[in-house]
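Peer 1: Below is the file target01.txt, which contains compact mmCIF, C-alpha atoms.
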# COMPACT_ATOMS: atom_id res chain seq x y z
CA MET A 241 114.82 113.25 95.05
CA VAL A 242 112.46 112.44 92.20
CA ILE A 243 112.60 109.80 89.52
CA ALA A 244 110.68 111.32 86.62
CA LEU A 245 108.93 109.46 83.80
CA VAL A 246 107.48 112.64 82.25
CA PRO A 247 110.39 115.07 81.89
CA GLN A 248 108.13 118.00 81.00
CA HIS A 249 106.42 117.78 84.39
CA ALA A 250 109.73 117.75 86.26
CA GLU A 251 110.94 120.73 84.25
CA ARG A 252 107.89 122.72 85.34
CA ILE A 253 107.76 121.57 88.97
CA LYS A 254 111.56 121.83 89.48
CA PRO A 255 112.08 119.37 92.34
CA PRO A 256 115.44 119.89 94.08
CA ARG A 257 116.87 116.73 92.49
CA THR A 258 115.42 114.88 89.48
CA LEU A 259 116.58 111.84 87.55
CA SER A 260 114.66 111.74 84.26
CA VAL A 261 114.38 108.17 82.97
CA PRO A 262 113.48 107.07 79.41
CA PHE A 263 111.33 104.09 80.37
CA ASP A 264 107.70 103.17 79.72
CA LEU A 265 105.03 104.50 82.04
CA GLY A 266 104.61 101.91 84.78
CA ARG A 267 108.30 100.98 84.71
CA PRO A 268 110.28 103.72 86.48
CA LEU A 269 113.11 101.31 87.33
CA GLY A 270 113.32 100.13 83.75
CA VAL A 271 113.25 96.35 83.49
CA PRO A 272 111.42 93.82 85.66
CA ASP A 273 113.58 91.09 87.19
CA ASP A 274 116.79 92.74 85.96
CA VAL A 275 118.47 93.33 89.32
CA ASN A 276 121.66 94.88 87.94
CA PHE A 277 119.76 97.26 85.68
CA GLN A 278 117.54 98.42 88.54
CA HIS A 279 120.59 98.92 90.75
CA ARG A 280 122.19 101.15 88.14
CA VAL A 281 119.07 103.30 87.89
CA LEU A 282 118.75 103.51 91.67
CA SER A 283 122.45 104.32 92.09
CA ALA A 284 122.11 107.19 89.62
CA ALA A 285 119.09 108.47 91.56
CA LEU A 286 120.70 108.14 94.99
CA GLY A 287 123.88 109.75 93.69
CA LEU A 288 121.99 113.01 93.23
CA PHE A 289 121.78 113.44 97.02
CA ALA A 290 125.35 114.72 96.85
CA ARG A 291 124.36 117.52 94.47
CA LEU A 292 123.75 120.94 96.00
CA ASP A 293 123.70 122.95 92.77
CA GLY A 294 119.97 122.61 92.27
CA PRO A 295 117.42 122.32 91.10
CA VAL A 296 119.22 119.39 89.51
CA PHE A 297 117.77 117.75 86.41
CA GLN A 298 119.76 114.81 85.10
CA ASP A 299 118.87 112.53 82.21
CA TYR A 300 119.42 108.81 82.69
CA GLU A 301 120.87 107.73 79.36
CA GLU A 302 120.82 103.92 79.51
CA GLN A 303 117.83 102.51 77.64
CA ALA A 304 115.88 99.46 78.74
CA PRO A 305 117.43 96.60 76.75
CA ALA A 306 115.54 95.62 73.63
CA ARG A 307 114.68 91.99 73.29
CA ASP A 308 117.23 90.02 71.31
CA ASP A 309 114.97 88.87 68.51
CA GLU A 310 117.70 86.59 67.18
CA VAL A 311 117.23 84.54 70.30
CA THR A 312 113.54 85.01 70.97
CA GLU A 313 111.36 85.71 67.93
CA GLY A 314 108.82 87.93 69.61
CA TRP A 315 106.47 86.66 72.26
CA SER A 316 103.23 84.89 71.68
CA CYS A 317 101.00 83.36 74.29
CA PRO A 318 101.37 79.57 74.02
CA VAL A 319 97.76 79.20 75.14
CA THR A 320 95.34 79.10 72.21
CA PHE A 321 92.07 80.88 72.74
CA VAL A 322 88.73 80.44 71.06
CA LYS A 323 88.13 82.61 68.02
CA LYS A 324 85.95 85.69 68.30
CA ASP A 325 83.06 84.21 66.29
CA SER A 326 82.46 81.44 68.81
CA ASP A 327 78.84 80.64 69.71
CA GLU A 328 79.67 80.73 73.37
CA SER A 329 78.86 83.75 75.50
CA LEU A 330 81.60 86.23 76.16
CA GLU A 331 81.47 85.26 79.84
CA ARG A 332 81.99 81.60 78.95
CA GLN A 333 84.86 82.50 76.63
CA VAL A 334 86.57 84.41 79.43
CA LEU A 335 86.09 81.51 81.86
CA ASN A 336 87.57 79.14 79.27
CA GLU A 337 90.60 81.38 78.86
CA ILE A 338 91.03 81.53 82.62
CA SER A 339 91.03 77.77 82.90
CA LEU A 340 93.80 77.61 80.29
CA LEU A 341 95.84 80.35 81.94
CA ARG A 342 95.33 79.18 85.51
CA PRO A 343 98.39 76.85 85.59
CA TRP A 344 100.60 79.77 84.58
CA TYR A 345 99.02 82.11 87.10
CA ASP A 346 99.41 79.57 89.90
CA LYS A 347 103.01 78.86 88.88
CA GLY A 348 103.83 82.56 88.88
CA LYS A 349 102.21 83.08 92.24
CA ASP A 350 104.21 80.22 93.72
CA GLU A 351 107.50 81.37 92.21
CA ARG A 352 107.11 85.02 93.09
CA GLY A 353 105.43 84.48 96.43
CA PHE A 354 102.83 87.15 95.76
CA THR A 355 99.95 88.13 93.55
CA SER A 356 98.48 91.53 92.74
CA PHE A 357 95.05 89.99 92.23
CA GLY A 358 92.40 90.75 94.81
CA VAL A 359 91.79 94.50 95.08
CA SER A 360 88.08 93.91 94.39
CA GLU A 361 87.96 91.25 97.13
CA MET A 362 85.97 89.08 94.72
CA SER A 363 87.04 85.64 93.62
CA LEU A 364 88.13 85.43 90.00
CA GLU A 365 84.93 83.67 89.02
CA LYS A 366 82.85 86.32 90.75
CA VAL A 367 84.87 89.05 89.00
CA VAL A 368 83.98 87.53 85.65
CA SER A 369 80.30 87.06 86.46
CA PHE A 370 80.06 90.61 87.83
CA LEU A 371 81.71 92.12 84.77
CA ALA A 372 79.67 89.98 82.39
CA LEU A 373 76.48 91.00 84.17
CA PHE A 374 77.55 94.61 83.90
CA SER A 375 78.20 94.37 80.20
CA SER A 376 74.85 92.78 79.42
CA GLU A 377 72.77 94.85 81.80
CA SER A 378 73.83 98.45 81.60
CA THR A 379 71.18 99.34 84.16
CA LEU A 380 72.92 97.30 86.82
CA SER A 381 72.11 99.19 89.96
CA GLU A 382 73.65 99.70 93.36
CA SER A 383 71.17 97.20 94.82
CA SER A 384 72.43 94.54 92.43
CA ASN A 385 75.96 95.41 93.48
CA GLU A 386 74.99 94.87 97.11
CA LYS A 387 74.01 91.29 96.32
CA ILE A 388 77.42 90.60 94.84
CA LEU A 389 79.53 92.45 97.36
CA PRO A 390 77.28 93.61 100.22
CA GLY A 391 78.48 96.52 102.28
CA LYS A 392 81.67 97.10 100.39
CA TYR A 393 82.40 99.39 97.49
CA SER A 394 80.27 101.53 95.21
CA LEU A 395 79.25 100.20 91.83
CA ALA A 396 81.78 102.43 90.09
CA ASP A 397 84.61 101.38 92.39
CA SER A 398 83.65 97.70 92.10
CA LEU A 399 83.69 98.01 88.34
CA LYS A 400 87.19 99.49 88.33
CA TYR A 401 88.63 97.07 90.89
CA ALA A 402 87.12 94.04 89.14
CA ALA A 403 88.42 95.14 85.74
CA GLU A 404 91.94 95.61 87.12
CA ASP A 405 91.81 92.30 88.97
CA LEU A 406 90.93 90.52 85.73
CA LYS A 407 93.83 92.23 83.98
CA ALA A 408 96.16 91.39 86.87
CA PHE A 409 95.33 87.69 86.51
CA TYR A 410 96.07 87.82 82.78
CA ASN A 411 99.24 89.90 83.28
CA GLU A 412 100.62 87.52 85.85
CA SER A 413 99.77 84.50 83.69
CA ALA A 414 101.42 86.05 80.64
CA THR A 415 104.60 87.15 82.39
CA THR A 416 105.10 83.71 83.92
CA GLN A 417 105.17 82.02 80.54
CA PRO A 418 108.53 81.28 78.89
CA GLY A 419 110.12 83.91 76.70
CA GLN A 420 110.78 87.60 77.03
CA VAL A 421 107.70 89.75 76.79
CA THR A 422 107.55 93.51 76.43
CA ALA A 423 104.98 95.83 77.96
CA SER A 424 103.43 96.58 74.57
CA GLU A 425 103.21 92.89 73.66
CA VAL A 426 101.29 92.10 76.84
CA GLU A 427 99.04 95.11 76.33
CA ASN A 428 98.25 94.27 72.70
CA TRP A 429 97.69 90.64 73.56
CA TYR A 430 95.29 91.43 76.39
CA TRP A 431 93.22 94.01 74.56
CA GLY A 432 93.37 92.49 71.09
CA ALA A 433 93.58 88.74 71.48
CA THR A 434 91.67 87.83 74.63
CA SER A 435 87.99 87.64 75.42
CA ALA A 436 88.74 89.36 78.73
CA GLY A 437 90.00 92.43 76.90
CA ARG A 438 86.98 92.34 74.62
CA LEU A 439 84.67 92.10 77.64
CA ILE A 440 86.14 95.24 79.20
CA ARG A 441 85.93 97.07 75.90
CA GLU A 442 82.22 96.13 75.73
CA ILE A 443 81.70 97.41 79.26
CA LYS A 444 83.31 100.69 78.29
CA LYS A 445 80.72 101.14 75.56
CA SER A 446 77.73 100.24 77.73
CA GLY A 447 79.01 101.94 80.87
CA THR A 448 79.09 105.40 79.36
CA ASP A 449 75.27 105.28 79.18
CA HIS A 450 74.82 104.23 82.77
CA ALA A 451 72.57 106.27 85.05
CA ASP A 452 75.31 106.52 87.68
CA PRO A 453 77.62 109.41 86.69
CA MET A 454 80.57 107.84 88.52
CA VAL A 455 80.10 104.67 86.48
CA ASN A 456 80.11 106.86 83.36
CA ILE A 457 83.45 108.34 84.37
CA VAL A 458 85.02 105.02 85.29
CA ALA A 459 83.81 103.39 82.08
CA ALA A 460 84.79 106.25 79.82
CA PHE A 461 88.21 107.08 81.22
CA THR A 462 89.68 104.35 83.40
CA LEU A 463 88.98 100.95 81.87
CA VAL A 464 90.66 100.92 78.45
CA PRO A 465 94.02 102.60 77.76
CA HIS A 466 94.14 105.43 75.21
CA THR A 467 96.61 103.37 73.21
CA GLN A 468 93.95 100.71 72.63
CA ALA A 469 91.05 103.02 71.71
CA PHE A 470 91.66 102.35 68.00
CA ARG A 471 90.18 98.86 68.35
CA ASP A 472 86.68 100.20 68.79
CA LYS A 473 86.66 103.15 66.43
CA MET B 244 109.74 108.30 78.76
CA LYS B 245 111.63 110.31 76.21
CA ALA B 246 110.21 113.81 76.04
CA GLU B 247 109.19 113.42 72.41
CA ASP B 248 107.22 110.24 73.21
CA VAL B 249 105.05 111.70 75.96
CA PRO B 250 101.42 112.03 74.79
CA GLU B 251 100.33 115.63 74.38
CA ALA B 252 97.46 115.29 76.87
CA LEU B 253 99.93 114.15 79.50
CA VAL B 254 102.43 116.90 78.71
CA ASN B 255 99.75 119.52 79.29
CA THR B 256 98.62 118.19 82.69
CA PRO B 257 98.62 121.11 85.15
CA CYS B 258 101.56 120.94 87.54
CA ALA B 259 102.19 122.60 90.87
CA GLU B 260 105.02 125.10 91.14
CA TYR B 261 107.03 125.85 94.26
CA GLU B 262 109.20 128.71 95.46
CA LEU B 263 111.73 126.50 97.20
CA THR B 264 113.59 124.36 94.69
CA SER B 265 117.16 124.25 96.00
CA PRO B 266 118.53 121.00 97.38
CA VAL B 267 119.34 120.73 101.08
CA ALA B 268 122.67 119.40 102.27
CA GLY B 269 122.68 116.24 104.33
CA SER B 270 124.69 113.27 105.45
CA ALA B 271 126.78 111.17 103.16
CA LEU B 272 124.68 108.65 101.27
CA ASN B 273 126.06 105.73 103.28
CA GLN B 274 124.73 107.39 106.42
CA ARG B 275 121.25 108.19 105.13
CA ARG B 276 118.02 106.46 106.06
CA ILE B 277 116.03 106.04 102.86
CA SER B 278 112.27 105.82 102.32
CA ILE B 279 110.18 105.56 99.16
CA VAL B 280 107.08 107.57 98.35
CA SER B 281 105.23 106.12 95.38
CA THR B 282 102.38 107.46 93.28
CA ALA B 283 101.46 104.03 91.97
CA GLY B 284 98.40 103.63 94.18
CA LEU B 285 100.11 100.88 96.19
CA MET B 286 98.51 99.31 99.24
CA HIS B 287 98.68 96.22 101.39
CA ARG B 288 96.10 93.55 100.64
CA ASN B 289 93.79 94.44 103.54
CA ASP B 290 93.94 98.20 102.99
CA LYS B 291 91.14 100.24 101.45
CA PRO B 292 91.83 100.62 97.72
CA PHE B 293 92.30 104.05 96.21
CA SER B 294 89.29 105.47 94.40
CA LEU B 295 88.75 108.36 92.01
CA GLY B 296 89.86 111.65 93.55
CA ALA B 297 91.74 110.06 96.46
CA VAL B 298 94.05 112.49 98.27
CA ASP B 299 95.31 110.27 101.05
CA TYR B 300 98.17 107.78 101.22
CA ARG B 301 98.75 104.22 102.29
CA ILE B 302 101.49 103.02 104.58
CA LEU B 303 103.70 100.26 103.19
CA ASP B 304 105.13 98.50 106.20
CA THR B 305 108.19 96.38 105.48
CA GLU B 306 107.25 94.18 108.43
CA SER B 307 103.79 93.39 107.07
CA ASP B 308 103.15 89.95 105.63
CA GLN B 309 100.39 91.24 103.41
CA ASP B 310 100.93 91.35 99.65
CA ILE B 311 101.52 94.74 98.10
CA MET B 312 98.97 95.51 95.41
CA MET B 313 98.22 98.30 93.00
CA SER B 314 94.85 100.08 92.97
CA HIS B 315 95.57 103.12 90.81
CA ILE B 316 92.56 104.58 88.98
CA SER B 317 94.44 105.04 85.68
CA THR B 318 94.74 102.32 83.08
CA ASN B 319 97.19 104.27 80.93
CA PHE B 320 100.41 102.72 82.12
CA ASP B 321 101.89 99.25 82.02
CA ARG B 322 101.07 97.02 84.99
CA SER B 323 102.57 93.82 83.65
CA GLY B 324 106.01 94.84 84.89
CA PHE B 325 104.68 95.29 88.43
CA ALA B 326 102.83 91.98 88.16
CA GLN B 327 106.17 90.36 87.43
CA ASP B 328 108.44 92.27 89.79
CA HIS B 329 107.31 94.85 92.35
CA ASN B 330 110.74 96.45 92.31
CA ILE B 331 109.95 97.94 88.91
CA ALA B 332 107.85 100.58 90.72
CA PHE B 333 108.67 99.94 94.38
CA PRO B 334 112.38 99.08 94.57
CA LEU B 335 112.40 97.95 98.20
CA ASP B 336 114.52 94.85 97.60
CA ARG B 337 117.09 96.95 95.76
CA LEU B 338 117.27 99.36 98.70
CA HIS B 339 117.78 96.50 101.14
CA GLU B 340 120.59 95.19 98.96
CA LYS B 341 122.22 98.62 98.89
CA ALA B 342 121.98 98.82 102.67
CA GLU B 343 123.62 95.40 102.97
CA ARG B 344 126.44 96.57 100.76
CA GLY B 345 126.88 99.74 102.79
CA GLU B 346 125.90 102.03 99.91
CA ILE B 347 123.13 103.59 101.99
CA GLY B 348 122.82 103.86 105.76
CA SER B 349 119.52 102.06 106.29
CA VAL B 350 116.07 101.42 104.86
CA ALA B 351 113.10 102.93 106.67
CA ARG B 352 110.52 100.53 108.02
CA TYR B 353 107.68 102.58 106.55
CA HIS B 354 107.22 103.65 102.96
CA TYR B 355 104.20 105.34 101.47
CA SER B 356 102.03 105.54 98.41
CA PHE B 357 99.70 108.19 97.08
CA MET B 358 97.74 107.71 93.91
CA GLY B 359 98.07 111.19 92.50
CA ALA B 360 95.75 111.72 89.52
CA THR B 361 94.12 114.69 91.24
CA GLU B 362 94.87 118.34 91.92
CA PRO B 363 98.19 118.46 93.81
CA GLU B 364 96.93 121.09 96.24
CA LYS B 365 94.34 118.64 97.57
CA MET B 366 97.12 116.26 98.65
CA GLN B 367 99.02 118.92 100.59
CA PRO B 368 97.53 118.21 104.05
CA ALA B 369 98.34 114.52 103.72
CA ALA B 370 101.80 115.32 102.35
CA GLU B 371 102.54 117.61 105.31
CA GLN B 372 101.45 114.89 107.72
CA LEU B 373 103.61 112.40 105.88
CA ALA B 374 106.60 114.74 106.14
CA ARG B 375 106.17 114.78 109.93
CA ASN B 376 106.03 110.98 109.93
CA LEU B 377 109.25 110.82 107.94
CA ARG B 378 111.04 113.18 110.33
CA GLY B 379 109.81 111.08 113.25
CA ASP B 380 111.23 107.99 111.52
CA GLU B 381 114.56 109.85 111.04
CA VAL B 382 114.35 109.52 107.27
CA ASP B 383 116.83 111.84 105.61
CA GLY B 384 116.71 110.53 102.09
CA LEU B 385 113.41 110.30 100.21
CA ILE B 386 112.93 108.82 96.75
CA LEU B 387 109.74 109.80 94.97
CA VAL B 388 108.95 107.06 92.45
CA PRO B 389 106.29 107.68 89.79
CA VAL B 390 104.30 105.26 87.72
Give the structure from this file in structure tokens form.
Peer 2:
Amino acid sequence: MVIALVPQHAERIKPPRTLSVPFDLGRPLGVPDDVNFQHRVLSAALGLFARLDGPVFQDYEEQAPARDDEVTEGWSCPVTFVKKDSDESLERQVLNEISLLRPWYDKGKDERGFTSFGVSEMSLEKVVSFLALFSSESTLSESSNEKILPGKYSLADSLKYAAEDLKAFYNESATTQPGQVTASEVENWYWGATSAGRLIREIKKSGTDHADPMVNIVAAFTLVPHTQAFRDK
Amino acid sequence: MKAEDVPEALVNTPCAEYELTSPVAGSALNQRRISIVSTAGLMHRNDKPFSLGAVDYRILDTESDQDIMMSHISTNFDRSGFAQDHNIAFPLDRLHEKAERGEIGSVARYHYSFMGATEPEKMQPAAEQLARNLRGDEVDGLILVPV
């Protein structure tokens, strides 16, 4: 059976059994760390195995719970970052943010027992230096990439993996902090209020002029979400 | 997502169509062996990450001690939920709990992840191989979880 986040796709494909859920992309089971909620979604999905009158298309009606703003007045990162007009380089600003977020990241990693950071196989500091180098030198070549990560991934792949690793560090730091946080709050915080988000947005601009066509594609389409494109228009 | 909230570009993504769409009868749910197939670009820490155009899959072994990570090419979905709780896109713990309660028969040792984000036809050879793997593992209940 299929859990569907895009009902129009399921309606066209017609899998034998579909549970169409109303949740954000990236959250097919609805709410992180809400065991009972996830069990209800999964029970609804598994219950469709008994249906033989297919193709079955069932809407899951329960919405992900909205934050109770009477209890928690929105979420804001308790870590204060340097303002955008700082004299420091963007790389230095990102490293400063990381040092402030590191206790939260480490705490989250200890509590959860896992981290999603590391796809690029670079250390966090190397991720930042690689991305900063990329943003300031749009002619960064494959040979330069070899010096950073010899024998591993292409420049385009390294760019993507490093960008997602940086975001993973920030995501894990943010979601460890006290208070409920929604997907859109984390997204807007990362892309609008952090130097890391600004760094990736800069790379998107410079990467689309790169000589490597795969770097062009990665920079243009896979680094910054569509929902955040307004920041650089 | 609610249908009215899906971005137009996503709505118009070409989709495969199949002749066979009727469900197949099987065992009662509490007798079924359940496996997950994800399209979240999931992998174990030491696996090769997915890259643009990938048509293969990764094996998610419940007996591995390696972290599960996400290496999907798209940036247009929330990853903070997965950073917080892997069950949001890979509900393995929830399946184990259902097995303990007797709601399902068992949880397969192996689960799988594609990345998607490419023409569906190109993934067919890998999907057919995966189907053979699932039969060999006696899986008779498959949950396809998107991202």
Peer 1: Could you list the residues in chain B lying within 7 Å of chain A, using only C-alpha atoms, and format the result as a count of residues only?
Peer 2: 42
Peer 1: What's the 9 Å shell around B:Val382, counting only C-alpha atoms, without same-chain residues fewer than 5 positions away, as a list in words?
Peer 2: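 Close residues of B:Val382: Arg275, Arg276, Ile277, Ser278, Val350, Ala351, Asn376 and Leu377 of chain B.
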Peer 1: Anything within 12 Å of (103.8, 95.8, 108.0): list those residues as a list in words, counting only C-alpha atoms and sticking to the file's coordinates.
Peer 2: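 Nearby residues: Met286, His287, Arg288, Asn289, Asp290, Arg301, Ile302, Leu303, Asp304, Thr305, Glu306, Ser307, Asp308, Gln309, Asp310, Ile311, Ala351, Arg352, Tyr353, His354 and Tyr355 of chain B.
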Peer 1: Provide the atom CA of A:Glu331 to atom CA of A:Pro453 distance in Å, to one decimal place.
Peer 2: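 Distance between the two atoms: 25.4 Å.
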Peer 1: Quote the spacing between atom CA of A:Gly447 and atom CA of A:Phe370 in Å to one decimal place.
Peer 2: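 For atom CA of A:Gly447 relative to atom CA of A:Phe370, the distance reads 13.3 Å.
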Peer 1: Return stretch 260-279 of chain B, completed with N, CA, C and O atoms, as a short mmCIF file (atom, residue, chain, number, x, y, z; two decimals), in the frame of the given file.
Peer 2:
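Listed below is the output, result35.cif:
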data_model
loop_
_atom_site.label_atom_id
_atom_site.label_comp_id
_atom_site.auth_asym_id
_atom_site.auth_seq_id
_atom_site.Cartn_x
_atom_site.Cartn_y
_atom_site.Cartn_z
N GLU B 260 103.72 124.44 91.18
CA GLU B 260 105.02 125.10 91.14
C GLU B 260 105.34 125.58 92.54
O GLU B 260 104.45 125.96 93.31
N TYR B 261 106.61 125.54 92.90
CA TYR B 261 107.03 125.85 94.26
C TYR B 261 108.12 126.91 94.26
O TYR B 261 108.92 126.99 93.34
N GLU B 262 108.16 127.68 95.34
CA GLU B 262 109.20 128.71 95.46
C GLU B 262 110.54 128.09 95.83
O GLU B 262 111.58 128.50 95.34
N LEU B 263 110.49 127.10 96.73
CA LEU B 263 111.73 126.50 97.20
C LEU B 263 112.08 125.32 96.30
O LEU B 263 111.36 124.32 96.27
N THR B 264 113.18 125.43 95.59
CA THR B 264 113.59 124.36 94.69
C THR B 264 115.04 123.94 94.89
O THR B 264 115.53 123.05 94.21
N SER B 265 115.73 124.57 95.82
CA SER B 265 117.16 124.25 96.00
C SER B 265 117.32 123.03 96.88
O SER B 265 116.58 122.84 97.84
N PRO B 266 118.28 122.17 96.55
CA PRO B 266 118.53 121.00 97.38
C PRO B 266 119.06 121.41 98.76
O PRO B 266 119.65 122.47 98.92
N VAL B 267 118.84 120.53 99.72
CA VAL B 267 119.34 120.73 101.08
C VAL B 267 120.50 119.77 101.31
O VAL B 267 120.43 118.60 100.93
N ALA B 268 121.52 120.27 101.96
CA ALA B 268 122.67 119.40 102.27
C ALA B 268 122.28 118.41 103.34
O ALA B 268 121.42 118.66 104.18
N GLY B 269 122.95 117.26 103.33
CA GLY B 269 122.68 116.24 104.33
C GLY B 269 123.88 115.35 104.53
O GLY B 269 124.98 115.64 104.07
N SER B 270 123.61 114.22 105.16
CA SER B 270 124.69 113.27 105.45
C SER B 270 125.18 112.63 104.16
O SER B 270 124.53 112.70 103.12
N ALA B 271 126.31 111.98 104.28
CA ALA B 271 126.78 111.17 103.16
C ALA B 271 125.76 110.07 102.90
O ALA B 271 125.04 109.63 103.81
N LEU B 272 125.71 109.62 101.65
CA LEU B 272 124.68 108.65 101.27
C LEU B 272 124.74 107.40 102.14
O LEU B 272 123.71 106.86 102.53
N ASN B 273 125.95 106.96 102.50
CA ASN B 273 126.06 105.73 103.28
C ASN B 273 125.69 105.92 104.75
O ASN B 273 125.83 105.00 105.56
N GLN B 274 125.24 107.13 105.08
CA GLN B 274 124.73 107.39 106.42
C GLN B 274 123.22 107.65 106.41
O GLN B 274 122.60 107.77 107.46
N ARG B 275 122.65 107.76 105.24
CA ARG B 275 121.25 108.19 105.13
C ARG B 275 120.27 107.04 105.33
O ARG B 275 120.52 105.91 104.94
N ARG B 276 119.14 107.40 105.91
CA ARG B 276 118.02 106.46 106.06
C ARG B 276 117.03 106.79 104.94
O ARG B 276 116.53 107.90 104.85
N ILE B 277 116.75 105.80 104.11
CA ILE B 277 116.03 106.04 102.86
C ILE B 277 114.61 105.49 102.94
O ILE B 277 114.38 104.37 103.44
N SER B 278 113.66 106.27 102.44
CA SER B 278 112.27 105.82 102.32
C SER B 278 111.78 106.14 100.92
O SER B 278 112.31 107.03 100.24
N ILE B 279 110.79 105.39 100.48
CA ILE B 279 110.18 105.56 99.16
C ILE B 279 108.79 106.15 99.33
O ILE B 279 108.01 105.70 100.18
#
